[in-house]
file entry_10.txt (compact mmCIF, C-alpha atoms and all ligand atoms)
# COMPACT_ATOMS: atom_id res chain seq x y z
CA MET I 1 -7.38 20.05 -12.08
CA ILE I 2 -4.85 22.11 -13.96
CA GLU I 3 -4.33 23.35 -17.52
CA GLN I 4 -0.62 24.09 -17.41
CA LEU I 5 1.51 21.06 -16.60
CA ILE I 6 4.54 21.73 -14.38
CA LEU I 7 7.69 19.69 -13.90
CA GLY I 8 10.73 20.62 -11.84
CA GLY I 9 8.97 23.89 -11.11
CA GLU I 10 8.93 24.77 -14.85
CA PRO I 11 6.06 24.65 -17.37
CA SER I 12 6.09 21.37 -19.31
CA PRO I 13 5.86 21.66 -23.13
CA PHE I 14 3.55 18.63 -23.30
CA ASP I 15 -0.25 18.47 -23.33
CA LEU I 16 -2.35 16.59 -20.82
CA PRO I 17 -2.80 13.08 -22.34
CA LYS I 18 -6.38 11.95 -23.04
CA GLY I 19 -8.21 10.22 -20.17
CA CYS I 20 -5.87 11.64 -17.53
CA TYR I 21 -6.07 14.05 -14.68
CA GLY I 22 -3.22 16.52 -14.19
CA LEU I 23 -2.84 16.77 -10.40
CA THR I 24 -0.59 18.92 -8.25
CA VAL I 25 2.03 17.59 -5.83
CA THR I 26 1.36 19.02 -2.36
CA GLU I 27 3.97 17.22 -0.24
CA VAL I 28 7.03 14.98 -0.67
CA GLN I 29 8.85 13.10 2.11
CA HIS I 30 11.96 10.99 1.58
CA TYR I 31 12.65 8.13 4.00
CA THR I 32 15.76 6.44 2.63
CA ASP I 33 17.83 6.50 -0.58
CA SER I 34 15.23 4.20 -2.05
CA LEU I 35 11.87 5.14 -0.48
CA PHE I 36 9.63 8.20 -0.44
CA ARG I 37 6.00 9.20 -0.17
CA PHE I 38 4.14 12.03 -1.87
CA ARG I 39 0.69 13.56 -1.82
CA ILE I 40 -1.26 15.12 -4.67
CA THR I 41 -4.54 16.99 -5.08
CA ARG I 42 -7.64 14.85 -5.61
CA PRO I 43 -10.31 15.68 -8.20
CA LYS I 44 -13.69 16.05 -6.50
CA GLU I 45 -15.32 13.47 -8.79
CA PHE I 46 -12.58 10.83 -8.44
CA ARG I 47 -13.89 7.86 -6.44
CA PHE I 48 -11.96 4.73 -5.43
CA ARG I 49 -12.17 1.95 -2.87
CA SER I 50 -9.48 1.86 -0.16
CA GLY I 51 -6.81 -0.65 -1.27
CA GLU I 52 -7.15 -0.03 -5.02
CA PHE I 53 -4.44 1.15 -7.41
CA VAL I 54 -4.25 3.75 -10.20
CA MET I 55 -1.88 4.37 -13.11
CA ILE I 56 0.37 7.38 -12.71
CA GLY I 57 2.98 9.11 -14.85
CA LEU I 58 4.81 12.40 -15.40
CA PRO I 59 4.46 15.08 -18.09
CA ASN I 60 8.13 14.69 -19.07
CA THR I 61 7.67 13.29 -22.58
CA GLU I 62 5.13 13.13 -25.40
CA LYS I 63 4.28 9.51 -24.50
CA PRO I 64 4.52 9.30 -20.71
CA VAL I 65 5.39 6.05 -18.97
CA PHE I 66 2.57 4.97 -16.64
CA ARG I 67 2.98 2.61 -13.70
CA ALA I 68 0.47 1.08 -11.29
CA TYR I 69 0.54 2.63 -7.83
CA SER I 70 -1.62 1.64 -4.90
CA VAL I 71 -3.32 4.62 -3.38
CA ALA I 72 -1.93 4.74 0.17
CA SER I 73 -4.52 7.20 1.46
CA PRO I 74 -8.04 6.11 2.41
CA SER I 75 -11.08 6.74 0.23
CA TRP I 76 -12.34 9.57 2.50
CA ASP I 77 -9.14 11.64 2.26
CA GLU I 78 -9.22 14.99 0.40
CA GLU I 79 -5.82 14.28 -1.17
CA LEU I 80 -4.20 11.18 -2.66
CA GLU I 81 -1.04 9.70 -1.13
CA PHE I 82 1.48 7.29 -2.69
CA TYR I 83 4.44 5.38 -1.28
CA SER I 84 7.17 4.67 -3.79
CA ILE I 85 10.46 2.97 -4.32
CA LYS I 86 13.25 4.78 -6.23
CA VAL I 87 14.75 2.48 -8.81
CA PRO I 88 18.03 3.66 -10.37
CA ASP I 89 17.29 3.97 -14.11
CA GLY I 90 13.65 2.98 -13.45
CA PRO I 91 11.66 4.42 -16.39
CA LEU I 92 9.26 6.26 -14.08
CA THR I 93 10.80 6.36 -10.60
CA GLU I 94 14.12 7.77 -11.81
CA HIS I 95 12.18 10.99 -12.57
CA LEU I 96 9.38 10.64 -10.03
CA GLN I 97 11.82 10.69 -7.11
CA LYS I 98 12.74 14.28 -8.08
CA ILE I 99 9.22 15.77 -7.90
CA GLN I 100 8.59 18.83 -5.75
CA PRO I 101 5.43 20.51 -4.47
CA GLY I 102 3.75 22.33 -7.36
CA ASP I 103 4.77 19.75 -10.00
CA THR I 104 2.14 17.87 -12.02
CA ILE I 105 1.41 14.15 -11.74
CA LEU I 106 -0.62 12.49 -14.49
CA MET I 107 -3.20 10.01 -13.26
CA ARG I 108 -5.53 7.86 -15.37
CA LYS I 109 -9.15 8.24 -14.35
CA LYS I 110 -9.99 4.68 -13.31
CA SER I 111 -8.88 2.80 -10.21
CA THR I 112 -8.98 -0.97 -9.80
CA GLY I 113 -7.62 -3.81 -7.64
CA THR I 114 -8.38 -6.86 -5.54
CA LEU I 115 -7.04 -5.76 -2.13
CA VAL I 116 -10.42 -4.40 -1.13
CA ASN I 117 -12.71 -5.31 1.73
CA ASP I 118 -15.42 -6.40 -0.73
CA ALA I 119 -13.21 -9.21 -2.08
CA LEU I 120 -13.03 -10.88 1.34
CA LEU I 121 -15.75 -12.89 3.01
CA PRO I 122 -16.73 -11.65 6.46
CA GLY I 123 -14.35 -12.85 9.17
CA LYS I 124 -13.00 -12.08 12.62
CA ARG I 125 -9.38 -11.17 11.82
CA VAL I 126 -7.71 -9.81 8.72
CA TRP I 127 -3.99 -10.38 8.14
CA MET I 128 -2.33 -7.79 5.91
CA PHE I 129 0.93 -9.38 4.75
CA SER I 130 3.35 -6.95 3.10
CA THR I 131 6.99 -6.51 2.21
CA GLY I 132 8.70 -3.31 1.06
CA THR I 133 6.36 -0.87 -0.70
CA GLY I 134 3.70 -3.60 -0.63
CA LEU I 135 2.62 -1.75 2.50
CA ALA I 136 0.91 0.96 0.41
CA PRO I 137 -2.59 -0.52 -0.08
CA PHE I 138 -2.70 -1.38 3.61
CA ALA I 139 -1.76 2.20 4.52
CA SER I 140 -5.08 3.00 2.84
CA LEU I 141 -7.11 0.19 4.40
CA ILE I 142 -5.95 0.73 7.99
CA ARG I 143 -7.16 4.33 7.71
CA ASP I 144 -10.62 3.32 6.52
CA PRO I 145 -13.35 2.92 9.18
CA GLU I 146 -14.98 0.24 6.99
CA THR I 147 -12.05 -2.11 7.72
CA TYR I 148 -12.73 -1.81 11.46
CA GLU I 149 -16.45 -2.33 10.93
CA LYS I 150 -15.77 -5.53 9.01
CA PHE I 151 -13.03 -7.03 11.21
CA GLU I 152 -12.52 -7.17 14.96
CA THR I 153 -8.74 -7.59 14.65
CA ILE I 154 -6.46 -6.18 11.95
CA VAL I 155 -2.85 -7.36 11.85
CA LEU I 156 -0.55 -5.33 9.63
CA VAL I 157 2.55 -7.46 9.00
CA HIS I 158 5.43 -5.63 7.31
CA GLY I 159 8.80 -7.16 6.41
CA CYS I 160 11.71 -5.10 5.12
CA ARG I 161 15.44 -5.46 4.55
CA THR I 162 16.40 -2.71 7.04
CA ALA I 163 14.81 -0.96 10.02
CA ALA I 164 14.89 2.41 8.20
CA GLU I 165 12.49 0.95 5.64
CA LEU I 166 9.86 0.41 8.33
CA LYS I 167 9.58 4.12 9.14
CA TYR I 168 6.66 5.04 6.87
CA GLY I 169 4.51 2.30 8.42
CA GLU I 170 5.62 3.09 11.96
CA ASP I 171 4.84 6.79 11.59
CA LEU I 172 1.49 6.01 10.04
CA VAL I 173 0.37 3.62 12.77
CA ALA I 174 1.52 6.07 15.48
CA SER I 175 -0.46 8.88 13.84
CA LEU I 176 -3.60 6.74 13.68
CA ARG I 177 -3.61 6.27 17.41
CA ASP I 178 -3.99 10.08 17.74
CA ASP I 179 -6.45 10.45 14.86
CA PRO I 180 -9.86 11.81 15.89
CA LEU I 181 -11.72 9.71 13.32
CA ILE I 182 -9.83 6.42 13.59
CA GLY I 183 -8.12 6.60 17.03
CA GLU I 184 -10.85 4.92 19.05
CA MET I 185 -11.41 2.21 16.46
CA VAL I 186 -7.71 1.37 16.24
CA ASP I 187 -7.14 1.00 19.96
CA GLY I 188 -6.91 -2.70 20.81
CA HIS I 189 -7.88 -3.72 17.27
CA LEU I 190 -4.93 -2.83 15.06
CA PHE I 191 -1.67 -4.75 15.57
CA HIS I 192 1.49 -3.73 13.75
CA TYR I 193 4.03 -6.54 13.42
CA THR I 194 7.36 -5.66 11.82
CA SER I 195 10.40 -7.69 10.90
CA VAL I 196 13.77 -7.03 9.27
CA THR I 197 15.91 -9.46 7.26
CA ARG I 198 19.28 -7.82 6.61
CA GLU I 199 20.39 -6.19 9.84
CA ASP I 200 20.04 -6.54 13.59
CA PHE I 201 16.53 -5.81 14.81
CA PRO I 202 14.45 -7.08 17.73
CA ARG I 203 12.46 -9.22 15.28
CA GLN I 204 14.16 -10.81 12.32
CA GLY I 205 13.22 -13.11 9.47
CA ARG I 206 11.04 -13.19 6.40
CA VAL I 207 7.30 -12.83 6.84
CA THR I 208 6.85 -16.26 5.26
CA ASP I 209 9.24 -17.92 7.74
CA LEU I 210 7.47 -16.23 10.65
CA ILE I 211 4.17 -17.65 9.40
CA SER I 212 5.42 -21.18 8.79
CA SER I 213 7.30 -21.43 12.09
CA GLY I 214 4.21 -20.10 13.91
CA LYS I 215 6.32 -17.39 15.58
CA LEU I 216 4.07 -14.67 14.19
CA PHE I 217 1.01 -16.17 15.88
CA ASP I 218 2.82 -16.97 19.13
CA ASP I 219 4.26 -13.45 19.40
CA LEU I 220 0.80 -11.94 18.99
CA GLY I 221 -0.91 -14.47 21.23
CA LEU I 222 -3.28 -15.41 18.41
CA GLN I 223 -4.16 -18.84 17.13
CA ARG I 224 -2.75 -19.97 13.79
CA MET I 225 -4.83 -18.63 10.93
CA GLY I 226 -7.53 -20.76 9.39
CA PRO I 227 -10.49 -20.49 7.01
CA GLU I 228 -13.23 -20.03 9.62
CA GLU I 229 -12.16 -16.81 11.29
CA ASP I 230 -9.18 -15.45 9.38
CA ARG I 231 -8.87 -13.48 6.16
CA ALA I 232 -5.66 -12.36 4.48
CA MET I 233 -4.47 -9.78 1.97
CA ILE I 234 -1.02 -10.08 0.42
CA CYS I 235 1.13 -7.44 -1.31
CA GLY I 236 4.83 -7.61 -2.13
CA SER I 237 7.26 -8.91 -4.75
CA MET I 238 6.32 -11.78 -7.07
CA ALA I 239 8.33 -14.26 -4.99
CA MET I 240 6.77 -13.05 -1.74
CA LEU I 241 3.26 -13.31 -3.22
CA ARG I 242 3.84 -16.83 -4.45
CA ASP I 243 5.24 -18.03 -1.12
CA THR I 244 2.69 -16.26 1.08
CA LYS I 245 -0.20 -17.42 -1.10
CA GLN I 246 1.06 -20.99 -0.77
CA LEU I 247 1.05 -20.62 3.02
CA CYS I 248 -2.53 -19.31 3.01
CA ILE I 249 -3.55 -22.34 0.96
CA GLU I 250 -1.72 -24.64 3.38
CA HIS I 251 -3.69 -22.98 6.19
CA GLY I 252 -6.91 -24.06 4.45
CA MET I 253 -7.82 -20.70 2.91
CA THR I 254 -9.22 -20.09 -0.60
CA GLU I 255 -8.35 -17.17 -2.89
CA GLY I 256 -11.06 -14.58 -3.59
CA ALA I 257 -11.69 -11.88 -6.17
CA ASN I 258 -13.99 -8.90 -6.62
CA ASN I 259 -16.69 -11.01 -8.26
CA LYS I 260 -16.17 -13.96 -5.90
CA PRO I 261 -15.15 -12.99 -2.36
CA GLY I 262 -12.87 -15.50 -0.64
CA GLU I 263 -10.61 -15.99 2.34
CA PHE I 264 -7.52 -14.29 0.93
CA VAL I 265 -6.57 -11.93 -1.91
CA VAL I 266 -3.28 -11.15 -3.61
CA GLU I 267 -1.77 -8.18 -5.41
CA ARG I 268 1.66 -7.43 -6.70
CA ALA I 269 3.56 -4.33 -5.52
CA PHE I 270 4.13 -3.30 -9.10
CA VAL I 271 6.59 -0.56 -9.58
CA ASP I 272 9.97 -0.79 -11.27
P1 LIG I 301 15.44 -10.95 2.13
O1 LIG I 301 16.29 -9.85 2.69
O2 LIG I 301 15.67 -12.27 2.78
O3 LIG I 301 15.52 -11.03 0.62
P2 LIG I 301 12.61 -6.69 -1.54
O4 LIG I 301 13.08 -5.28 -1.24
O5 LIG I 301 13.63 -7.53 -2.25
O6 LIG I 301 11.25 -6.76 -2.15
O7 LIG I 301 12.49 -7.36 -0.10
C1 LIG I 301 11.70 -6.83 0.91
C2 LIG I 301 11.62 -7.84 2.01
O8 LIG I 301 10.94 -9.00 1.52
C3 LIG I 301 12.98 -8.31 2.48
O9 LIG I 301 12.95 -8.42 3.89
C4 LIG I 301 13.14 -9.65 1.81
O10 LIG I 301 13.93 -10.58 2.53
C5 LIG I 301 11.71 -10.14 1.82
N1 LIG I 301 11.45 -11.19 0.83
C6 LIG I 301 12.03 -11.39 -0.37
N2 LIG I 301 11.53 -12.47 -0.98
C7 LIG I 301 10.61 -12.98 -0.14
C8 LIG I 301 9.74 -14.11 -0.19
N3 LIG I 301 9.73 -14.94 -1.24
N4 LIG I 301 8.92 -14.31 0.85
C9 LIG I 301 8.91 -13.47 1.90
N5 LIG I 301 9.72 -12.41 2.04
C10 LIG I 301 10.55 -12.15 1.02
call {"tool": "encode", "arguments": {"input": "entry_10.txt", "output": "structure tokens"}}
result
Amino acid sequence: MIEQLILGGEPSPFDLPKGCYGLTVTEVQHYTDSLFRFRITRPKEFRFRSGEFVMIGLPNTEKPVFRAYSVASPSWDEELEFYSIKVPDGPLTEHLQKIQPGDTILMRKKSTGTLVNDALLPGKRVWMFSTGTGLAPFASLIRDPETYEKFETIVLVHGCRTAAELKYGEDLVASLRDDPLIGEMVDGHLFHYTSVTREDFPRQGRVTDLISSGKLFDDLGLQRMGPEEDRAMICGSMAMLRDTKQLCIEHGMTEGANNKPGEFVVERAFVD
């Protein structure tokens, strides 16, 4: 943790707000005009469950704007990773997209969220349905050995507008196959299913349409999901959550929560 807050490589005139960590940016990678990922230092005492989110902000004003961000790195990682959209004139992301290594990120001390393994009943397969930056919590969960201990098959479904927006997920899954800790567990157990809606791509269509037509299941050679063996986690825009949740219900599944594990769980990809 740091005393002097830095922004744009310069000391910030503002104090660390109460109840926050001041953490240092270690890496930034831009994917498209609207997507990037960054990594920050992790306080030794900070614990979270893979799939949870935290509130983050910048030391650029007396009263910083905080937004919920899913931690994209797994709970065992020494650093914290985030995957973010860049919204023009977005109160936080307008500034956040300009961060550089050495800058300070403010992070509130508590994590929370429902996209955690504990909120799902045991099952055979887990479907991770995501669109856009809704991928982030799953980037954490697919790197956590606990997910592979709990489920035999993990299907990461990611829908985006363009193929360029799939890159973060593609790179991540490719790197897992070579990872000494996860590599063996992933092999034959993790399936990555991608689709694009606004340009030519081998697989096209909204995640929801691929579920309702059954194409998703046919392509993977898996039976249609149902309450006995399948579990689902959903993260995307409000409209995507509503529609995907409805499909889970139509497939006979019941929503769960931390205090009452169920067959599927839902969380909004928050940031604006
Ligand atoms: P589409 O191009 O048909 O709008 P966004 O960036 O707006 O969150 O969209 C990310 C992806 O999610 C896009 O491929 C988009 O498709 C898709 N999408 C938008 N709304 C829904 C929905 N209600 N159900 C499923 N997918 C959706």
call {"tool": "atom_distance", "arguments": {"input": "entry_10.txt", "atom1": "CA of Gly8 (chain I)", "atom2": "CA of Asn60 (chain I)"}}
result
9.7 Å
call {"tool": "closest_residue", "arguments": {"input": "entry_10.txt", "among": "I:Gly159, I:Pro180, I:Pro202, I:Pro145", "to": "ligand LIG 301 (chain I)", "atoms": "all atoms listed in the file"}}
result
I:Gly159
call {"tool": "atom_distance", "arguments": {"input": "entry_10.txt", "atom1": "CA of Thr147 (chain I)", "atom2": "CA of Leu172 (chain I)"}}
result
16.0 Å
call {"tool": "closest_atom_pairs", "arguments": {"input": "entry_10.txt", "of": "chain I", "to": "ligand LIG 301 (chain I)", "cutoff": "7 Å", "atoms": "all atoms listed in the file", "output": "CSV"}}
result
residue,atom,partner,partner_atom,distance
I:Thr131,CA,I:LIG301,O8,4.7
I:Gly132,CA,I:LIG301,C1,4.6
I:Gly159,CA,I:LIG301,O9,5.0
I:Cys160,CA,I:LIG301,O9,3.8
I:Arg161,CA,I:LIG301,O9,3.9
I:Val196,CA,I:LIG301,O9,5.6
I:Thr197,CA,I:LIG301,O1,4.6
I:Arg198,CA,I:LIG301,O1,5.3
I:Arg206,CA,I:LIG301,N5,4.6
I:Val207,CA,I:LIG301,C9,5.2
I:Thr208,CA,I:LIG301,C9,4.8
I:Gly236,CA,I:LIG301,O6,6.5
I:Ser237,CA,I:LIG301,O6,5.2
I:Ala239,CA,I:LIG301,N3,4.1
I:Met240,CA,I:LIG301,C8,3.5
I:Leu241,CA,I:LIG301,N3,7.0
I:Arg242,CA,I:LIG301,N3,7.0
I:Asp243,CA,I:LIG301,N3,5.5
I:Thr244,CA,I:LIG301,N4,6.5
call {"tool": "atom_distance", "arguments": {"input": "entry_10.txt", "atom1": "CA of Arg47 (chain I)", "atom2": "CA of Arg231 (chain I)"}}
result
25.3 Å
call {"tool": "closest_residue", "arguments": {"input": "entry_10.txt", "among": "I:Leu35, I:Leu120, I:Met238, I:Ala72", "to": "Pro88 (chain I)", "atoms": "all atoms listed in the file"}}
result
I:Leu35
call {"tool": "closest_residue", "arguments": {"input": "entry_10.txt", "among": "I:Gly252, I:Gly22, I:Pro43, I:Pro74", "to": "Asp144 (chain I)", "atoms": "all atoms listed in the file"}}
result
I:Pro74
call {"tool": "residues_around", "arguments": {"input": "entry_10.txt", "residues": "Pro101 (chain I)", "least_positions_apart": "6", "cutoff": "10 Å", "atoms": "only C-alpha atoms", "output": "MDAnalysis selection string"}}
result
chainID I and resid 7:9 24:28 38:40
call {"tool": "closest_residue", "arguments": {"input": "entry_10.txt", "among": "I:Glu62, I:Tyr31, I:Arg203, I:Val71", "to": "Lys18 (chain I)", "atoms": "all atoms listed in the file"}}
result
I:Glu62
call {"tool": "residues_around", "arguments": {"input": "entry_10.txt", "residues": "Phe138 (chain I)", "least_positions_apart": "2", "cutoff": "10 Å", "atoms": "only C-alpha atoms", "output": "list of chain:residue names"}}
result
I:Ser50, I:Gly51, I:Glu52, I:Ser70, I:Val71, I:Ala72, I:Ser73, I:Pro74, I:Leu115, I:Val116, I:Met128, I:Phe129, I:Ser130, I:Gly134, I:Leu135, I:Ala136, I:Ser140, I:Leu141, I:Ile142, I:Arg143, I:Asp144, I:Leu156, I:Val157, I:His158, I:Gly169, I:Met233, I:Ile234, I:Cys235
call {"tool": "closest_residue", "arguments": {"input": "entry_10.txt", "among": "I:Glu152, I:Asp179, I:Glu146, I:Asp33", "to": "Lys98 (chain I)", "atoms": "all atoms listed in the file"}}
result
I:Asp33
call {"tool": "residues_near_point", "arguments": {"input": "entry_10.txt", "point": "(-11.5, -20.0, 9.7)", "cutoff": "12 Å", "atoms": "only C-alpha atoms", "output": "list in words"}}
result
Leu121, Pro122, Gly123, Lys124, Arg125, Val126, Gln223, Arg224, Met225, Gly226, Pro227, Glu228, Glu229, Asp230, Arg231, Ala232, Cys248, His251, Gly252, Met253, Thr254, Gly262, Glu263 and Phe264 of chain I
